[in-house]
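A.B. asks: One structure, pasted below without further comment.
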Amino acid sequence: MTAQKKVRIGMVGYKFMGKAHSHAYRDLPFFFDTDVEPVLQTLVGRNQNAVRLAAEKLGWLSYETDWRRLLERDDIDVVDIGTPNGSHAEIAIAAAKAGKHVLCEKPLAMNTLQAKEMWKAAEQAGVVHMICHNYRFAPAVQWAKKLIQEGVLGDIYHFRAQYLQDWIMDPQFPLVWRMRKEVTGSGTLGDLMAHSIDLARFLVGEIREVSGLLETFIKTRPVGEMSGGLEAAASGGAVAEVDVDDAAAALARFENGAVGVFEATRFAKGNRNGNRIEINGSKGSIRWEMDRMNNLELYLENDPLGIQGFRSITCTEGVHPYAGAYWPAGHPIGYEHTFINLMHEFMRGISGKGGNPSPSFEDGYRNQVVLEAIEQSATAGAKVAITY
């Protein structure tokens, strides 16, 4: 047997997304036959003791405290970026110029200018580049894409999305980086609605115009830091102003004439991670939600009268995208497997199969254009046309 080429990963960031990415790299060869094998080479974090402990726990061979060291090392092939949004552009552009393939968490950048610079830098360097919109890699979402492409739903009329969470509703929840504009660019808009926009573009097509609304319910919070996952701790008695949105809503018109409705909030009590979509066409409809990620709800108008209604398809059969790599039919997969599926496409791209995978930095740029247009619309109180 021919030995697989080693693809040596350098990852910046080791908390929530760092854990998800580490798990995906480690489990990828277990489920998928790949021409290349990811190696957890170096983990990067600013706190030496914390990153050392994280590297040991997550299975990394070494660690660094400065991401710039990754660019100097010839034993790094990929730079994986899981840092707060404000540092994405600097790291990604430098990595691309150093000839490293780049995977970046979402949203791609702080604004469209940065996002376009990242895309162009990666293209000019000829490196593989992806943005980590993992939800499109649920087998049920991939199956929905296939049904739409094959015309099963007919002409698409509506796309509606909700992304609802409740983790910052306590007024004493600290002002962490996810709620500081200088670090994150936007609040719920970029954190949650970015995912919904990616699903909309993936399943229905490009967006032509938007009308947006943004709201911040709690104007000041105690200052603090993330302590893992979506948990945080106050770091003293200081209080600061919240300058990003707690909730976002948008109406959209797609280039194909479909109409979109988007809602994202961190103030929907009882919703821990309520990521849901529905698409209505001339021949049928589909529904999907992350809480039941293995199931796709499908309604078809040509079902006989008397038995019409939404059916639930459990997308765990070998015919469903990615599902055959895991367990026998009927055995569900979870959140972490969406990252494994994404990493599979990333590694395929690095191996030279199928070109640059999607979602690419171009997708990240186009997503950023829509986000920025929604913000402009909310400020101006008027529709904004999308220009890429």
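Chain identifiers are assigned as A, B, and so on, following the order in which chains appear in the structure tokens; residues are numbered from 1 within each chain, and ligands are numbered from 1 in order of appearance.
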Can you pull out every residue from segment 72-303 of chain A that DSSP, working from the backbone, puts in alpha helix (DSSP H), and format the result as a PyMOL selection string?
C.D. replies: chain A and resi 72+88-97+112-125+139-149+181-184+188+194-203
A.B. asks: When DSSP is applied to the backbone of this structure, which of segment 279-382 of chain A are assigned strand (DSSP E or B)? Write them out as an NGL selection string.
C.D. replies: :A and (279-281 or 284-289 or 295-300 or 311-314)
A.B. asks: Against segment 211-235 of chain A, which residues of segment 29-87 of chain A fall within 12 Å? For each one I want the closest pair of atoms and the distance in Å (one decimal), counting only C-alpha atoms, rows by chain and increasing residue number, as a tab-separated table.
C.D. replies:
```
residue	atom	partner	partner_atom	distance
A:Ala50	CA	A:Ser227	CA	11.7
A:Ala54	CA	A:Gly228	CA	11.9
A:Pro84	CA	A:Met226	CA	11.0
```
A.B. asks: Please produce an output containing C-alpha atoms for each residue in the selection, written as a compact mmCIF listing (two decimals), in the first residue's frame.
C.D. replies:
```txt
# COMPACT_ATOMS: atom_id res chain seq x y z
CA ALA A 50 -3.24 27.01 28.80
CA ALA A 54 -4.92 22.10 25.53
CA PRO A 84 -12.13 35.93 17.33
```
A.B. asks: Do you know which residues are at most 8 Å from segment 361-378 of chain A counting only C-alpha atoms, after dropping those on the same chain fewer than 3 positions away, and could you put them as an MDAnalysis selection string?
C.D. replies: chainID A and resid 106:109 111:112 115:116 118:119 122 129:131 189:190 194 197:198 207 210:214 250 358 381:388
A.B. asks: Using only C-alpha atoms, I'd like a table of the residues in segment 310-340 of chain A that come within 8 Å of segment 27-33 of chain A; for each, show the closest atom pair and its distance in Å rounded to one decimal, ordered by chain and ascending number, as CSV.
C.D. replies:
```
residue,atom,partner,partner_atom,distance
A:Ala325,CA,A:Phe31,CA,5.5
A:Tyr326,CA,A:Phe31,CA,6.2
A:Ile340,CA,A:Leu28,CA,5.7
```
A.B. asks: Write out the residues from the selection above, keeping all heavy atoms, as a tab-separated table (two decimals), in the first residue's frame.
C.D. replies:
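Output saved as again-v1.tsv:
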```
chain	number	residue	atom	x	y	z
A	325	ALA	N	-20.56	6.81	5.34
A	325	ALA	CA	-19.23	6.71	5.95
A	325	ALA	C	-19.31	6.35	7.44
A	325	ALA	O	-18.29	5.99	8.04
A	325	ALA	CB	-18.47	8.02	5.78
A	326	TYR	N	-20.51	6.44	8.01
A	326	TYR	CA	-20.63	6.27	9.45
A	326	TYR	C	-21.26	4.94	9.83
A	326	TYR	O	-20.68	3.89	9.67
A	326	TYR	CB	-21.38	7.47	10.04
A	326	TYR	CG	-20.61	8.77	9.84
A	326	TYR	CD1	-20.96	9.67	8.83
A	326	TYR	CD2	-19.50	9.06	10.62
A	326	TYR	CE1	-20.23	10.84	8.63
A	326	TYR	CE2	-18.76	10.22	10.43
A	326	TYR	CZ	-19.14	11.11	9.43
A	326	TYR	OH	-18.42	12.26	9.23
A	340	ILE	N	-16.44	16.87	10.60
A	340	ILE	CA	-15.68	15.81	9.94
A	340	ILE	C	-15.97	15.83	8.44
A	340	ILE	O	-15.05	15.72	7.61
A	340	ILE	CB	-16.02	14.43	10.53
A	340	ILE	CG1	-15.64	14.38	12.01
A	340	ILE	CG2	-15.32	13.32	9.77
A	340	ILE	CD1	-16.08	13.09	12.71
```
A.B. asks: Applying 10 Å and only C-alpha atoms, which residues near Leu71 of chain A remain after dropping the ones on its own chain fewer than 2 positions away? List them as a list of chain:residue names.
C.D. replies: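 Non-adjacent residues within range: A:Gly10, A:Trp67, A:Arg68, A:Arg69, A:Arg73, A:Asp74, A:Asp75, A:Ile76, A:Asp77, A:Val78, A:Val79, A:Ile91, A:Ala94, A:Ala95, A:Ala96, A:Lys97, A:Ala98, A:Gly99, A:Lys100.
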A.B. asks: Could you save the residues just selected, with all heavy atoms, as a tab-separated table (two decimals), in the first residue's frame?
C.D. replies:
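Listed below is the output, selection_35.tsv:
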```tsv
chain	number	residue	atom	x	y	z
A	10	GLY	N	-1.49	23.50	11.50
A	10	GLY	CA	-1.20	24.46	12.56
A	10	GLY	C	-2.49	25.20	12.86
A	10	GLY	O	-3.05	25.85	11.96
A	67	TRP	N	1.18	32.98	16.48
A	67	TRP	CA	0.77	32.34	15.22
A	67	TRP	C	1.76	32.61	14.09
A	67	TRP	O	1.84	31.82	13.13
A	67	TRP	CB	-0.63	32.80	14.81
A	67	TRP	CG	-0.78	34.28	14.56
A	67	TRP	CD1	-1.22	35.22	15.44
A	67	TRP	CD2	-0.51	34.99	13.33
A	67	TRP	NE1	-1.24	36.48	14.85
A	67	TRP	CE2	-0.82	36.35	13.55
A	67	TRP	CE3	-0.06	34.59	12.07
A	67	TRP	CZ2	-0.68	37.32	12.56
A	67	TRP	CZ3	0.09	35.56	11.08
A	67	TRP	CH2	-0.22	36.91	11.33
A	68	ARG	N	2.55	33.66	14.19
A	68	ARG	CA	3.51	33.98	13.13
A	68	ARG	C	4.58	32.90	12.99
A	68	ARG	O	5.18	32.74	11.92
A	68	ARG	CB	4.15	35.35	13.39
A	68	ARG	CG	3.15	36.50	13.30
A	68	ARG	CD	3.73	37.80	13.84
A	68	ARG	NE	2.74	38.87	13.84
A	68	ARG	CZ	1.82	39.04	14.80
A	68	ARG	NH1	1.77	38.21	15.84
A	68	ARG	NH2	0.93	40.01	14.72
A	69	ARG	N	4.80	32.15	14.04
A	69	ARG	CA	5.77	31.06	13.96
A	69	ARG	C	5.33	29.99	12.97
A	69	ARG	O	6.18	29.32	12.36
A	69	ARG	CB	5.97	30.44	15.35
A	69	ARG	CG	6.85	31.23	16.28
A	69	ARG	CD	8.32	31.05	15.93
A	69	ARG	NE	8.73	29.66	16.13
A	69	ARG	CZ	9.36	28.94	15.23
A	69	ARG	NH1	9.64	29.44	14.03
A	69	ARG	NH2	9.71	27.68	15.49
A	73	ARG	N	7.66	28.00	9.78
A	73	ARG	CA	7.98	26.58	9.91
A	73	ARG	C	7.66	25.83	8.62
A	73	ARG	O	6.61	26.02	8.02
A	73	ARG	CB	7.19	25.98	11.08
A	73	ARG	CG	7.66	26.51	12.42
A	73	ARG	CD	6.81	26.03	13.57
A	73	ARG	NE	6.59	24.58	13.59
A	73	ARG	CZ	6.17	23.92	14.64
A	73	ARG	NH1	5.95	24.56	15.79
A	73	ARG	NH2	5.98	22.61	14.59
A	74	ASP	N	8.58	24.96	8.21
A	74	ASP	CA	8.36	24.17	7.00
A	74	ASP	C	7.64	22.86	7.29
A	74	ASP	O	7.44	22.05	6.39
A	74	ASP	CB	9.68	23.91	6.26
A	74	ASP	CG	10.71	23.19	7.13
A	74	ASP	OD1	10.34	22.72	8.23
A	74	ASP	OD2	11.88	23.10	6.71
A	75	ASP	N	7.25	22.64	8.55
A	75	ASP	CA	6.48	21.44	8.89
A	75	ASP	C	5.01	21.76	9.10
A	75	ASP	O	4.28	21.01	9.74
A	75	ASP	CB	7.05	20.75	10.13
A	75	ASP	CG	6.97	21.62	11.38
A	75	ASP	OD1	6.72	22.83	11.25
A	75	ASP	OD2	7.14	21.07	12.49
A	76	ILE	N	4.55	22.89	8.54
A	76	ILE	CA	3.15	23.30	8.60
A	76	ILE	C	2.63	23.48	7.18
A	76	ILE	O	3.18	24.26	6.40
A	76	ILE	CB	2.95	24.60	9.39
A	76	ILE	CG1	3.42	24.44	10.85
A	76	ILE	CG2	1.49	25.06	9.34
A	76	ILE	CD1	2.60	23.45	11.65
A	77	ASP	N	1.56	22.75	6.84
A	77	ASP	CA	0.95	22.85	5.51
A	77	ASP	C	-0.35	23.63	5.52
A	77	ASP	O	-0.75	24.19	4.50
A	77	ASP	CB	0.67	21.44	4.96
A	77	ASP	CG	1.91	20.57	4.93
A	77	ASP	OD1	2.90	20.99	4.31
A	77	ASP	OD2	1.89	19.48	5.55
A	78	VAL	N	-1.04	23.63	6.65
A	78	VAL	CA	-2.35	24.26	6.78
A	78	VAL	C	-2.36	25.16	8.00
A	78	VAL	O	-1.84	24.80	9.06
A	78	VAL	CB	-3.46	23.19	6.95
A	78	VAL	CG1	-4.79	23.83	7.36
A	78	VAL	CG2	-3.64	22.39	5.68
A	79	VAL	N	-2.98	26.34	7.86
A	79	VAL	CA	-3.27	27.18	9.01
A	79	VAL	C	-4.78	27.21	9.19
A	79	VAL	O	-5.53	27.61	8.30
A	79	VAL	CB	-2.72	28.61	8.83
A	79	VAL	CG1	-3.18	29.51	9.97
A	79	VAL	CG2	-1.19	28.58	8.77
A	91	ILE	N	-4.28	36.94	9.90
A	91	ILE	CA	-3.70	35.59	9.92
A	91	ILE	C	-3.87	34.91	8.57
A	91	ILE	O	-2.92	34.32	8.03
A	91	ILE	CB	-4.34	34.75	11.04
A	91	ILE	CG1	-4.10	35.38	12.41
A	91	ILE	CG2	-3.79	33.32	11.01
A	91	ILE	CD1	-4.85	34.70	13.54
A	94	ALA	N	-1.64	36.45	5.72
A	94	ALA	CA	-0.23	36.10	5.93
A	94	ALA	C	0.02	34.63	5.65
A	94	ALA	O	1.04	34.26	5.05
A	94	ALA	CB	0.17	36.45	7.36
A	95	ALA	N	-0.92	33.77	6.07
A	95	ALA	CA	-0.76	32.34	5.84
A	95	ALA	C	-0.78	32.01	4.36
A	95	ALA	O	0.03	31.21	3.87
A	95	ALA	CB	-1.86	31.57	6.57
A	96	ALA	N	-1.71	32.61	3.62
A	96	ALA	CA	-1.79	32.37	2.18
A	96	ALA	C	-0.51	32.81	1.48
A	96	ALA	O	0.03	32.09	0.63
A	96	ALA	CB	-3.00	33.09	1.60
A	97	LYS	N	-0.01	33.98	1.85
A	97	LYS	CA	1.22	34.49	1.23
A	97	LYS	C	2.41	33.59	1.56
A	97	LYS	O	3.38	33.55	0.79
A	97	LYS	CB	1.48	35.93	1.68
A	97	LYS	CG	0.49	36.93	1.09
A	97	LYS	CD	0.80	38.36	1.54
A	97	LYS	CE	-0.14	39.35	0.88
A	97	LYS	NZ	0.12	40.75	1.32
A	98	ALA	N	2.33	32.89	2.69
A	98	ALA	CA	3.40	31.96	3.06
A	98	ALA	C	3.21	30.59	2.41
A	98	ALA	O	3.99	29.67	2.68
A	98	ALA	CB	3.45	31.82	4.58
A	99	GLY	N	2.17	30.45	1.58
A	99	GLY	CA	1.95	29.20	0.87
A	99	GLY	C	1.22	28.14	1.66
A	99	GLY	O	1.23	26.97	1.28
A	100	LYS	N	0.55	28.55	2.76
A	100	LYS	CA	-0.19	27.59	3.58
A	100	LYS	C	-1.66	27.55	3.12
A	100	LYS	O	-2.25	28.58	2.84
A	100	LYS	CB	-0.15	27.98	5.06
A	100	LYS	CG	1.22	28.40	5.58
A	100	LYS	CD	2.22	27.27	5.59
A	100	LYS	CE	3.53	27.72	6.27
A	100	LYS	NZ	4.58	26.68	6.21
```
